[in-house]
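The next block is final17.tsv, given as TSV, C-alpha atoms and all ligand atoms.
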```
chain	number	residue	atom	x	y	z
A	1	MET	CA	23.37	28.69	37.15
A	2	ALA	CA	24.77	27.77	33.73
A	3	ILE	CA	25.65	30.19	30.97
A	4	LEU	CA	26.17	29.16	27.38
A	5	VAL	CA	28.91	31.34	25.88
A	6	VAL	CA	28.48	31.10	22.13
A	7	GLY	CA	31.70	32.06	20.41
A	8	GLY	CA	33.51	31.35	23.67
A	9	ALA	CA	36.76	30.33	21.94
A	10	GLY	CA	37.16	33.80	20.49
A	11	TYR	CA	38.94	36.86	21.84
A	12	ILE	CA	36.16	38.57	23.81
A	13	GLY	CA	34.11	35.42	24.53
A	14	SER	CA	37.06	33.67	26.17
A	15	HIS	CA	37.68	36.62	28.49
A	16	VAL	CA	34.00	36.80	29.41
A	17	ALA	CA	33.94	33.05	30.09
A	18	ARG	CA	36.69	33.48	32.68
A	19	ALA	CA	34.97	36.47	34.28
A	20	LEU	CA	31.73	34.46	34.55
A	21	ARG	CA	33.53	31.55	36.14
A	22	ARG	CA	35.27	33.85	38.60
A	23	SER	CA	31.79	35.14	39.53
A	24	GLY	CA	30.60	31.62	40.32
A	25	TYR	CA	28.72	30.69	37.16
A	26	GLU	CA	28.92	27.33	35.45
A	27	VAL	CA	30.12	28.06	31.91
A	28	VAL	CA	29.82	26.01	28.73
A	29	LEU	CA	31.41	27.21	25.50
A	30	TYR	CA	29.91	26.65	22.06
A	31	ASP	CA	32.09	27.52	19.07
A	32	ASN	CA	32.63	26.26	15.54
A	33	LEU	CA	36.34	27.17	15.76
A	34	SER	CA	36.16	28.96	12.40
A	35	THR	CA	37.83	32.01	13.92
A	36	GLY	CA	38.11	30.79	17.52
A	37	PHE	CA	41.04	28.87	19.02
A	38	ARG	CA	41.06	25.76	21.20
A	39	ARG	CA	43.81	27.26	23.31
A	40	LEU	CA	41.51	30.14	24.32
A	41	ALA	CA	38.92	27.57	25.46
A	42	GLN	CA	41.36	25.54	27.55
A	43	GLY	CA	39.99	24.51	30.94
A	44	PHE	CA	36.35	24.88	29.82
A	45	GLU	CA	33.78	22.47	28.50
A	46	LEU	CA	33.74	23.21	24.77
A	47	VAL	CA	31.04	21.97	22.41
A	48	VAL	CA	32.19	22.36	18.82
A	49	GLY	CA	29.28	23.31	16.60
A	50	ASP	CA	27.81	25.95	14.35
A	51	ILE	CA	25.06	28.36	15.31
A	52	ALA	CA	23.23	27.56	12.06
A	53	ASP	CA	22.79	23.99	13.30
A	54	GLN	CA	19.53	23.58	15.22
A	55	ALA	CA	20.18	20.11	16.61
A	56	ARG	CA	23.77	20.48	17.79
A	57	PRO	CA	23.29	23.13	20.53
A	58	ARG	CA	20.00	21.64	21.80
A	59	PRO	CA	21.49	19.55	24.66
A	60	VAL	CA	23.62	22.42	25.95
A	61	LEU	CA	20.80	24.93	25.59
A	62	ALA	CA	18.63	22.59	27.68
A	63	ARG	CA	21.17	22.98	30.52
A	64	ALA	CA	21.62	26.74	30.16
A	65	ASP	CA	19.84	29.54	32.02
A	66	ALA	CA	21.15	32.29	29.78
A	67	VAL	CA	23.00	32.73	26.50
A	68	MET	CA	25.77	35.15	25.62
A	69	HIS	CA	26.30	35.45	21.89
A	70	PHE	CA	29.75	36.40	20.56
A	71	ALA	CA	29.87	34.22	17.45
A	72	ALA	CA	30.14	36.79	14.70
A	73	HIS	CA	32.31	37.72	11.79
A	74	ALA	CA	33.80	41.08	12.63
A	75	TYR	CA	36.03	42.44	9.88
A	76	VAL	CA	34.43	45.63	8.60
A	77	GLY	CA	36.38	45.62	5.30
A	78	GLU	CA	35.54	41.99	4.59
A	79	SER	CA	31.87	42.71	5.24
A	80	VAL	CA	31.99	45.20	2.37
A	81	THR	CA	33.59	42.78	-0.09
A	82	ASN	CA	31.77	39.64	1.12
A	83	PRO	CA	28.45	40.77	2.63
A	84	ARG	CA	26.74	37.41	2.16
A	85	LYS	CA	29.16	35.85	4.64
A	86	TYR	CA	28.15	38.51	7.18
A	87	PHE	CA	24.42	38.36	6.63
A	88	HIS	CA	24.50	34.58	6.59
A	89	ASN	CA	26.27	34.24	9.94
A	90	ASN	CA	25.56	37.44	11.86
A	91	VAL	CA	21.90	37.59	10.83
A	92	ALA	CA	20.48	34.30	9.51
A	93	ALA	CA	22.49	31.84	11.62
A	94	SER	CA	22.27	34.13	14.65
A	95	LEU	CA	18.47	34.11	14.35
A	96	THR	CA	18.58	30.31	14.27
A	97	LEU	CA	20.53	30.41	17.53
A	98	LEU	CA	18.10	32.90	19.04
A	99	ASP	CA	15.12	30.73	18.10
A	100	SER	CA	16.85	27.62	19.43
A	101	ALA	CA	17.45	29.44	22.72
A	102	LEU	CA	13.85	30.60	22.88
A	103	ASP	CA	12.56	27.09	22.10
A	104	ALA	CA	14.76	25.78	24.92
A	105	GLY	CA	12.95	28.13	27.31
A	106	ILE	CA	15.79	30.63	27.69
A	107	ARG	CA	14.62	34.15	28.44
A	108	ARG	CA	17.94	35.88	29.14
A	109	PHE	CA	20.24	36.82	26.30
A	110	VAL	CA	23.34	39.04	26.15
A	111	PHE	CA	24.43	40.13	22.70
A	112	SER	CA	27.80	41.44	21.48
A	113	SER	CA	26.84	44.51	19.58
A	114	SER	CA	29.11	47.22	18.31
A	115	CYS	CA	29.54	50.95	17.94
A	116	ALA	CA	29.44	50.12	14.21
A	117	VAL	CA	25.63	50.39	14.52
A	118	TYR	CA	26.06	54.17	14.75
A	119	GLY	CA	27.88	54.58	11.44
A	120	VAL	CA	29.45	58.04	11.20
A	121	PRO	CA	27.82	59.94	14.06
A	122	LYS	CA	27.45	63.71	13.82
A	123	ASN	CA	28.17	64.27	17.50
A	124	ILE	CA	30.77	62.89	19.88
A	125	PRO	CA	30.49	61.41	22.49
A	126	ILE	CA	27.95	58.88	21.28
A	127	THR	CA	24.97	58.13	23.51
A	128	GLU	CA	22.60	55.20	23.07
A	129	GLN	CA	20.08	57.70	21.66
A	130	THR	CA	22.38	58.57	18.77
A	131	GLN	CA	20.73	57.53	15.54
A	132	ARG	CA	21.76	54.08	14.35
A	133	GLN	CA	22.84	54.43	10.75
A	134	PRO	CA	25.49	51.81	10.02
A	135	VAL	CA	27.69	52.42	6.99
A	136	ASN	CA	28.86	48.87	6.29
A	137	PRO	CA	27.27	45.39	6.19
A	138	TYR	CA	28.92	44.44	9.50
A	139	GLY	CA	27.16	47.31	11.28
A	140	VAL	CA	23.92	46.55	9.44
A	141	SER	CA	24.08	42.93	10.60
A	142	LYS	CA	24.51	44.02	14.24
A	143	LEU	CA	21.65	46.50	13.95
A	144	PHE	CA	19.38	43.84	12.47
A	145	PHE	CA	19.99	41.53	15.41
A	146	GLU	CA	19.42	44.35	17.91
A	147	ASN	CA	16.07	44.98	16.23
A	148	ALA	CA	15.23	41.29	16.39
A	149	LEU	CA	15.92	41.27	20.14
A	150	GLU	CA	13.61	44.27	20.60
A	151	ALA	CA	10.83	42.51	18.68
A	152	TYR	CA	11.40	39.25	20.60
A	153	ALA	CA	11.17	41.15	23.90
A	154	ARG	CA	7.76	42.53	22.92
A	155	ALA	CA	6.45	39.34	21.39
A	156	TYR	CA	7.98	36.57	23.48
A	157	GLY	CA	9.01	38.18	26.76
A	158	LEU	CA	12.73	37.76	26.06
A	159	ARG	CA	15.02	39.81	28.28
A	160	SER	CA	18.18	40.95	26.57
A	161	VAL	CA	21.08	43.36	26.78
A	162	CYS	CA	22.91	44.53	23.65
A	163	LEU	CA	26.38	45.64	24.65
A	164	ARG	CA	27.77	48.04	22.07
A	165	TYR	CA	31.51	47.68	22.26
A	166	PHE	CA	33.86	50.39	21.20
A	167	ASN	CA	37.44	49.18	20.49
A	168	ALA	CA	38.25	46.09	22.53
A	169	ALA	CA	41.94	45.74	23.37
A	170	GLY	CA	44.35	44.20	25.85
A	171	ALA	CA	44.62	40.78	27.43
A	172	ASP	CA	43.77	38.94	30.62
A	173	GLU	CA	46.26	39.88	33.30
A	174	SER	CA	46.95	36.18	33.96
A	175	GLY	CA	48.76	36.05	30.62
A	176	GLU	CA	46.82	32.85	29.80
A	177	ILE	CA	44.67	34.34	27.06
A	178	GLY	CA	44.71	37.43	24.89
A	179	GLU	CA	43.91	38.79	21.48
A	180	LEU	CA	44.15	36.21	18.69
A	181	HIS	CA	42.89	36.98	15.22
A	182	ASP	CA	43.95	35.45	11.96
A	183	PRO	CA	44.66	37.59	10.07
A	184	GLU	CA	45.25	40.36	12.59
A	185	THR	CA	43.99	43.77	11.48
A	186	HIS	CA	43.73	45.63	14.79
A	187	LEU	CA	45.88	48.57	15.66
A	188	ILE	CA	47.37	47.62	19.04
A	189	PRO	CA	48.67	44.12	18.15
A	190	LEU	CA	49.97	45.40	14.83
A	191	ALA	CA	51.72	48.36	16.46
A	192	LEU	CA	53.27	45.99	19.01
A	193	ALA	CA	54.44	43.68	16.22
A	194	ALA	CA	55.91	46.69	14.43
A	195	SER	CA	58.03	47.49	17.47
A	196	ALA	CA	59.89	44.18	17.14
A	197	ALA	CA	63.34	44.32	15.57
A	198	ASN	CA	62.31	42.72	12.28
A	199	GLY	CA	58.60	43.27	12.71
A	200	PRO	CA	56.39	44.27	9.80
A	201	GLU	CA	55.87	48.00	9.41
A	202	LEU	CA	52.59	49.40	10.69
A	203	GLN	CA	50.59	51.25	8.12
A	204	ILE	CA	48.73	54.28	9.47
A	205	HIS	CA	45.41	54.34	7.69
A	206	GLY	CA	45.04	58.01	6.88
A	207	CYS	CA	46.42	61.17	8.44
A	208	ASP	CA	44.12	63.72	6.84
A	209	TYR	CA	41.09	63.26	9.08
A	210	PRO	CA	39.51	66.29	10.78
A	211	THR	CA	41.04	65.36	14.14
A	212	SER	CA	43.71	66.97	16.31
A	213	ASP	CA	46.63	65.14	14.65
A	214	GLY	CA	44.91	63.98	11.45
A	215	THR	CA	44.63	60.31	12.47
A	216	CYS	CA	41.44	58.51	13.54
A	217	ILE	CA	40.27	58.64	17.11
A	218	ARG	CA	38.82	55.58	18.84
A	219	ASP	CA	37.66	54.72	22.33
A	220	TYR	CA	39.82	51.72	23.34
A	221	ILE	CA	38.38	49.57	26.09
A	222	HIS	CA	40.16	46.81	27.98
A	223	VAL	CA	38.74	43.37	27.24
A	224	ASN	CA	38.52	42.57	30.96
A	225	ASP	CA	36.50	45.74	31.56
A	226	LEU	CA	34.19	44.47	28.81
A	227	ALA	CA	34.08	41.09	30.54
A	228	ASP	CA	33.09	42.71	33.83
A	229	ALA	CA	30.24	44.54	32.07
A	230	HIS	CA	28.89	41.22	30.76
A	231	VAL	CA	28.72	39.77	34.26
A	232	ARG	CA	26.88	42.90	35.39
A	233	ALA	CA	24.49	42.67	32.42
A	234	LEU	CA	23.64	39.15	33.49
A	235	HIS	CA	23.09	40.27	37.09
A	236	HIS	CA	20.80	42.98	35.75
A	237	LEU	CA	18.74	40.45	33.77
A	238	GLU	CA	18.48	38.24	36.84
A	239	ALA	CA	17.71	40.99	39.34
A	240	ASP	CA	14.86	42.68	37.49
A	241	LYS	CA	13.14	39.64	36.10
A	242	GLU	CA	9.82	40.53	37.75
A	243	SER	CA	9.67	43.59	35.52
A	244	GLY	CA	9.17	41.31	32.52
A	245	ALA	CA	10.39	41.67	28.98
A	246	GLU	CA	13.17	44.08	28.31
A	247	SER	CA	15.63	44.91	25.57
A	248	LEU	CA	18.41	47.18	26.72
A	249	ALA	CA	21.25	48.67	24.70
A	250	ILE	CA	24.36	49.93	26.45
A	251	ASN	CA	27.59	51.52	25.19
A	252	LEU	CA	30.82	50.07	26.54
A	253	GLY	CA	33.71	52.48	26.25
A	254	THR	CA	35.87	54.63	28.49
A	255	GLY	CA	34.51	57.95	27.22
A	256	ARG	CA	38.06	58.89	26.20
A	257	GLY	CA	39.34	58.92	22.65
A	258	HIS	CA	42.90	58.23	21.49
A	259	SER	CA	44.29	58.93	18.06
A	260	VAL	CA	46.32	56.35	16.12
A	261	LEU	CA	49.46	58.39	16.85
A	262	GLU	CA	48.68	58.42	20.59
A	263	VAL	CA	48.32	54.64	20.52
A	264	ILE	CA	51.68	54.37	18.77
A	265	GLU	CA	53.23	56.57	21.46
A	266	ALA	CA	51.72	54.37	24.18
A	267	VAL	CA	53.15	51.27	22.48
A	268	GLU	CA	56.58	52.90	22.24
A	269	SER	CA	56.54	53.85	25.89
A	270	VAL	CA	55.50	50.33	26.99
A	271	THR	CA	57.97	48.45	24.76
A	272	GLY	CA	60.74	51.03	24.88
A	273	ARG	CA	61.13	50.55	21.14
A	274	ARG	CA	60.21	52.51	18.08
A	275	VAL	CA	57.13	51.44	16.16
A	276	ARG	CA	58.22	51.20	12.53
A	277	ARG	CA	55.44	52.81	10.54
A	278	LYS	CA	54.48	54.37	7.28
A	279	LEU	CA	51.62	56.60	6.34
A	280	GLY	CA	49.00	55.05	4.13
A	281	PRO	CA	45.70	56.06	2.62
A	282	ARG	CA	42.44	56.03	4.54
A	283	ARG	CA	40.84	52.63	5.09
A	284	PRO	CA	37.40	52.60	3.48
A	285	GLY	CA	34.57	52.82	6.00
A	286	ASP	CA	36.61	54.29	8.88
A	287	PRO	CA	34.77	57.14	10.63
A	288	PRO	CA	37.11	59.93	11.87
A	289	ALA	CA	36.17	59.62	15.56
A	290	LEU	CA	34.17	57.20	17.69
A	291	VAL	CA	33.98	57.89	21.41
A	292	ALA	CA	31.37	56.51	23.80
A	293	ASP	CA	29.29	58.31	26.33
A	294	PRO	CA	29.42	55.55	28.98
A	295	ALA	CA	26.95	57.21	31.40
A	296	LYS	CA	24.19	54.63	30.87
A	297	ALA	CA	26.53	51.74	31.66
A	298	GLN	CA	27.32	53.49	34.93
A	299	SER	CA	23.71	54.25	35.84
A	300	VAL	CA	22.14	50.93	34.79
A	301	LEU	CA	24.95	48.43	35.41
A	302	GLY	CA	27.09	50.35	37.91
A	303	TRP	CA	29.95	49.83	35.49
A	304	THR	CA	32.88	52.03	34.56
A	305	ALA	CA	36.09	51.14	32.80
A	306	ARG	CA	38.90	50.73	35.31
A	307	ARG	CA	41.85	50.22	32.95
A	308	ASN	CA	43.50	52.80	30.72
A	309	LEU	CA	45.34	52.70	27.42
A	310	THR	CA	48.66	51.85	29.07
A	311	ASP	CA	47.03	48.89	30.84
A	312	MET	CA	45.67	47.67	27.51
A	313	VAL	CA	48.97	48.00	25.70
A	314	SER	CA	51.05	46.48	28.49
A	315	SER	CA	48.76	43.47	28.98
A	316	ALA	CA	48.66	42.91	25.20
A	317	TRP	CA	52.46	43.15	25.11
A	318	ALA	CA	52.85	40.66	28.00
A	319	TRP	CA	50.57	38.21	26.20
A	320	MET	CA	52.34	38.62	22.91
A	321	GLN	CA	55.76	38.09	24.44
A	322	LYS	CA	54.71	35.17	26.57
A	323	GLY	CA	53.38	33.12	23.69
A	324	SER	CA	55.62	34.58	21.02
A	325	GLN	CA	52.16	35.34	19.76
A	326	TYR	CA	53.02	37.62	16.91
A	327	PRO	CA	50.05	38.29	14.70
A	328	ARG	CA	49.72	37.14	11.13
A	329	ILE	CA	49.34	40.30	9.13
A	330	GLY	CA	46.63	40.55	6.50
A	331	PRO	CA	47.29	41.90	3.03
A	332	GLN	CA	48.17	45.57	3.37
A	333	SER	CA	47.12	48.13	0.85
A	334	ALA	CA	49.85	48.58	-1.72
A	335	ALA	CA	48.32	51.83	-2.90
A	336	LYS	CA	50.87	54.47	-3.85
A	337	LEU	CA	51.03	57.34	-1.40
A	338	PRO	CA	50.50	60.89	-2.48
A	339	ALA	CA	53.66	63.03	-2.22
A	340	ALA	CA	52.18	65.12	0.59
A	341	LEU	CA	51.78	62.01	2.73
A	342	ARG	CA	55.23	60.66	1.88
A	343	ALA	CA	56.71	63.96	3.02
A	344	ARG	CA	55.31	63.38	6.51
A	345	LEU	CA	57.01	60.01	6.93
B	401	LIG	N1	44.55	51.39	12.05
B	401	LIG	C1	45.71	51.78	11.40
B	401	LIG	N2	46.57	50.81	10.95
B	401	LIG	C2	46.31	49.48	11.10
B	401	LIG	C3	45.14	49.09	11.78
B	401	LIG	C4	44.28	50.06	12.25
B	401	LIG	O1	45.97	52.96	11.22
B	401	LIG	O2	47.11	48.65	10.63
B	401	LIG	C5	43.63	52.41	12.54
B	401	LIG	C6	42.24	52.31	11.92
B	401	LIG	O3	42.16	53.06	10.74
B	401	LIG	C7	41.36	52.88	13.03
B	401	LIG	C8	42.11	52.52	14.31
B	401	LIG	O4	43.45	52.20	13.92
B	401	LIG	O5	41.31	54.27	12.95
B	401	LIG	C9	41.53	51.30	15.01
B	401	LIG	O6	41.39	50.28	14.04
B	401	LIG	P1	41.14	48.77	14.44
B	401	LIG	O7	41.21	47.97	13.18
B	401	LIG	O8	42.03	48.39	15.57
B	401	LIG	O9	39.65	48.78	15.02
B	401	LIG	P2	38.27	49.29	14.35
B	401	LIG	O10	38.14	50.73	14.73
B	401	LIG	O11	38.34	49.05	12.90
B	401	LIG	O12	37.27	48.44	15.02
```
Translate the structure of the given file into structure tokens.
Amino acid sequence: MAILVVGGAGYIGSHVARALRRSGYEVVLYDNLSTGFRRLAQGFELVVGDIADQARPRPVLARADAVMHFAAHAYVGESVTNPRKYFHNNVAASLTLLDSALDAGIRRFVFSSSCAVYGVPKNIPITEQTQRQPVNPYGVSKLFFENALEAYARAYGLRSVCLRYFNAAGADESGEIGELHDPETHLIPLALAASAANGPELQIHGCDYPTSDGTCIRDYIHVNDLADAHVRALHHLEADKESGAESLAINLGTGRGHSVLEVIEAVESVTGRRVRRKLGPRRPGDPPALVADPAKAQSVLGWTARRNLTDMVSSAWAWMQKGSQYPRIGPQSAAKLPAALRARL
């Protein structure tokens, strides 16, 4: 059975591709390499192409039994300043891919969704029933595609699973692949970089949130736990195919939240070095706390996260050291800090 992993040269897609192959699937990657990396696709058949192109994926779709779609822009801040980029790729081009898959006779589709569809939820932990009210164009684009999958299930008999990731982190334990973003904006790689002797300082985005220590709380989930959930989602779509059309949505998180300061402590304990940091203002669009209720993933897919924060940080650290893979840091906010924040440095 062949699976087309669209966006397979990216961070999460490349880990899922390996998990699929380990489970015995034939895997073909499709990626335009705009944010993906050839080195993450090494050892796989890679077709370089864009999802907006109808002709290019046709031959590989003809060979595929299912599609997994990871090819998205995923910087929340950028989606606010450049929404057309997000709607163009994550909505319009993604619909082109979906239609191409449907026209090729594919009826099984796994979609990378995000906890960003929930916006700023009133209650934690977040269940799949929590109202979806995204607060930025990135979240809106994910919600749109989820809605499209629901409509396509009803109208065309498509069977799909939307996997709503919380905060993906960590690296494959083989050390062969890991997190690569350019620029890097995510907390764990930046905190690891800030623990290097001459590493750039980490900026903590806000310490006045209504949380236990004032910093944001997130549910970090190991990328290989995510990968395992994708394989299970595919098994689910295969196993219940007699039951017809279906559009499932499932949270993927550990159910445990960690504050930014707790992540920094974990990084310091793994590296044995101090994370150089400074307090900065809040990052626009950041909700105070996002923690999954992962019960549905357990009941429907038989999945639970097996790795903890230390596993994520140590695998990310191993990957970073192995490849001297220090992230390229994006432009940091140069905003002046209020005196009260400076005093806490
Ligand atoms: N964060 C931070 N400094 C950074 C990057 C991230 O304080 O340089 C915080 C961010 O505000 C959020 C958490 O770390 O509360 C996780 O952010 P990340 O960008 O890793 O993932 P996101 O939650 O945006 O998907």
Discussion item. Distance limit 9 Å, reference ligand LIG 401 (chain B), atoms considered: all atoms listed in the file. Which residues make the cut? Give them as a PyMOL selection string.
Written reply: chain A and resi 74-77+114-116+166-169+184-191+201-207+215-220+259-261+263+279-280+282-290+329+332
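Taking CA of Val27 (chain A) as the reference point, CA of His88 (chain A) is found at 26.7 Å.
Of the residues under consideration (A:Ser23, A:Ser141, A:Ser14, A:Ser174), A:Ser141 shows the shortest atom-to-atom contact distance to Ala92 (chain A) when counting only C-alpha atoms.
The space between CA of Thr211 (chain A) and CA of His258 (chain A) spans 10.4 Å.
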Discussion item. Excluding Arg38 (chain A) and its own-chain neighbours fewer than 3 positions away, which residues fall within 9 Å of it when counting all atoms listed in the file? Please give them as a ChimeraX atom specification.
Written reply: /A:9-10,33,41-42,46
Save out the residues we just selected, C-alpha atoms, as a PDB file, keeping the file's coordinate frame.
```pdb
ATOM      1  CA  ALA A   9      36.760  30.330  21.940  1.00  0.00           C
ATOM      2  CA  GLY A  10      37.160  33.800  20.490  1.00  0.00           C
ATOM      3  CA  LEU A  33      36.340  27.170  15.760  1.00  0.00           C
ATOM      4  CA  ALA A  41      38.920  27.570  25.460  1.00  0.00           C
ATOM      5  CA  GLN A  42      41.360  25.540  27.550  1.00  0.00           C
ATOM      6  CA  LEU A  46      33.740  23.210  24.770  1.00  0.00           C
TER       7      LEU A  46
END
```
Centre and size of axis-aligned box enclosing region 107-114 of chain A plus 6 Å each side, as AutoDock Vina command-line options:
```
--center_x 21.9 --center_y 40.7 --center_z 23.7 --size_x 26.5 --size_y 25.1 --size_z 22.8
```
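You can rank A:Pro57, A:Gly244, A:Pro121, A:Pro183 by their closest distance to Thr35 (chain A) using only C-alpha atoms, and at the top of that list sits A:Pro183.
Nearest to Gln133 (chain A) of all the residues A:Pro59, A:Gly119, A:Pro281, A:Gly8 is A:Gly119, based on all atoms listed in the file.
With only C-alpha atoms as the atoms that count, the residue of A:Ala196, A:Glu262, A:His73, A:Arg56 with the shortest distance to Asp213 (chain A) is A:Glu262.
Using all atoms listed in the file, the nearest neighbour of Asn90 (chain A) within the list A:Pro125, A:Gly43, A:Gly253, A:Gly7 is A:Gly7.
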Could you write region 209-217 of chain A as a JSON list (two decimals), in the coordinates of the input, with all heavy atoms rebuilt where they are missing?
```
[["chain", "number", "residue", "atom", "x", "y", "z"],
["A", 209, "TYR", "N", 42.43, 63.18, 8.49],
["A", 209, "TYR", "CA", 41.09, 63.26, 9.08],
["A", 209, "TYR", "C", 40.94, 64.58, 9.84],
["A", 209, "TYR", "O", 41.94, 65.14, 10.30],
["A", 209, "TYR", "CB", 40.87, 62.09, 10.05],
["A", 209, "TYR", "CG", 40.60, 60.78, 9.36],
["A", 209, "TYR", "CD1", 41.63, 59.86, 9.14],
["A", 209, "TYR", "CD2", 39.32, 60.45, 8.90],
["A", 209, "TYR", "CE1", 41.39, 58.65, 8.51],
["A", 209, "TYR", "CE2", 39.07, 59.25, 8.26],
["A", 209, "TYR", "CZ", 40.10, 58.36, 8.07],
["A", 209, "TYR", "OH", 39.85, 57.16, 7.44],
["A", 210, "PRO", "N", 39.72, 65.05, 10.01],
["A", 210, "PRO", "CA", 39.51, 66.29, 10.78],
["A", 210, "PRO", "C", 39.62, 66.05, 12.28],
["A", 210, "PRO", "O", 38.66, 66.22, 13.03],
["A", 210, "PRO", "CB", 38.08, 66.70, 10.37],
["A", 210, "PRO", "CG", 37.41, 65.41, 10.01],
["A", 210, "PRO", "CD", 38.47, 64.50, 9.46],
["A", 211, "THR", "N", 40.79, 65.60, 12.71],
["A", 211, "THR", "CA", 41.04, 65.36, 14.14],
["A", 211, "THR", "C", 42.29, 66.13, 14.54],
["A", 211, "THR", "O", 42.97, 66.69, 13.67],
["A", 211, "THR", "CB", 41.28, 63.86, 14.41],
["A", 211, "THR", "OG1", 42.41, 63.44, 13.62],
["A", 211, "THR", "CG2", 40.08, 63.00, 14.04],
["A", 212, "SER", "N", 42.61, 66.12, 15.83],
["A", 212, "SER", "CA", 43.71, 66.97, 16.31],
["A", 212, "SER", "C", 45.03, 66.68, 15.59],
["A", 212, "SER", "O", 45.76, 67.60, 15.26],
["A", 212, "SER", "CB", 43.87, 66.79, 17.82],
["A", 212, "SER", "OG", 43.96, 65.40, 18.09],
["A", 213, "ASP", "N", 45.36, 65.42, 15.33],
["A", 213, "ASP", "CA", 46.63, 65.14, 14.65],
["A", 213, "ASP", "C", 46.42, 64.51, 13.27],
["A", 213, "ASP", "O", 47.37, 64.04, 12.65],
["A", 213, "ASP", "CB", 47.55, 64.28, 15.53],
["A", 213, "ASP", "CG", 46.95, 62.90, 15.84],
["A", 213, "ASP", "OD1", 46.06, 62.44, 15.08],
["A", 213, "ASP", "OD2", 47.36, 62.27, 16.82],
["A", 214, "GLY", "N", 45.19, 64.47, 12.81],
["A", 214, "GLY", "CA", 44.91, 63.98, 11.45],
["A", 214, "GLY", "C", 44.63, 62.48, 11.39],
["A", 214, "GLY", "O", 44.19, 61.98, 10.36],
["A", 215, "THR", "N", 44.90, 61.76, 12.50],
["A", 215, "THR", "CA", 44.63, 60.31, 12.47],
["A", 215, "THR", "C", 43.31, 60.02, 13.21],
["A", 215, "THR", "O", 42.84, 60.84, 14.01],
["A", 215, "THR", "CB", 45.78, 59.49, 13.10],
["A", 215, "THR", "OG1", 45.92, 59.86, 14.48],
["A", 215, "THR", "CG2", 47.10, 59.75, 12.36],
["A", 216, "CYS", "N", 42.75, 58.85, 12.96],
["A", 216, "CYS", "CA", 41.44, 58.51, 13.54],
["A", 216, "CYS", "C", 41.49, 58.38, 15.05],
["A", 216, "CYS", "O", 42.49, 57.91, 15.62],
["A", 216, "CYS", "CB", 40.97, 57.16, 13.00],
["A", 216, "CYS", "SG", 40.38, 57.21, 11.34],
["A", 217, "ILE", "N", 40.39, 58.74, 15.65],
["A", 217, "ILE", "CA", 40.27, 58.64, 17.11],
["A", 217, "ILE", "C", 39.27, 57.52, 17.45],
["A", 217, "ILE", "O", 38.18, 57.45, 16.87],
["A", 217, "ILE", "CB", 39.80, 59.99, 17.69],
["A", 217, "ILE", "CG1", 40.95, 61.00, 17.55],
["A", 217, "ILE", "CG2", 39.35, 59.84, 19.14],
["A", 217, "ILE", "CD1", 40.60, 62.39, 17.99]]
```
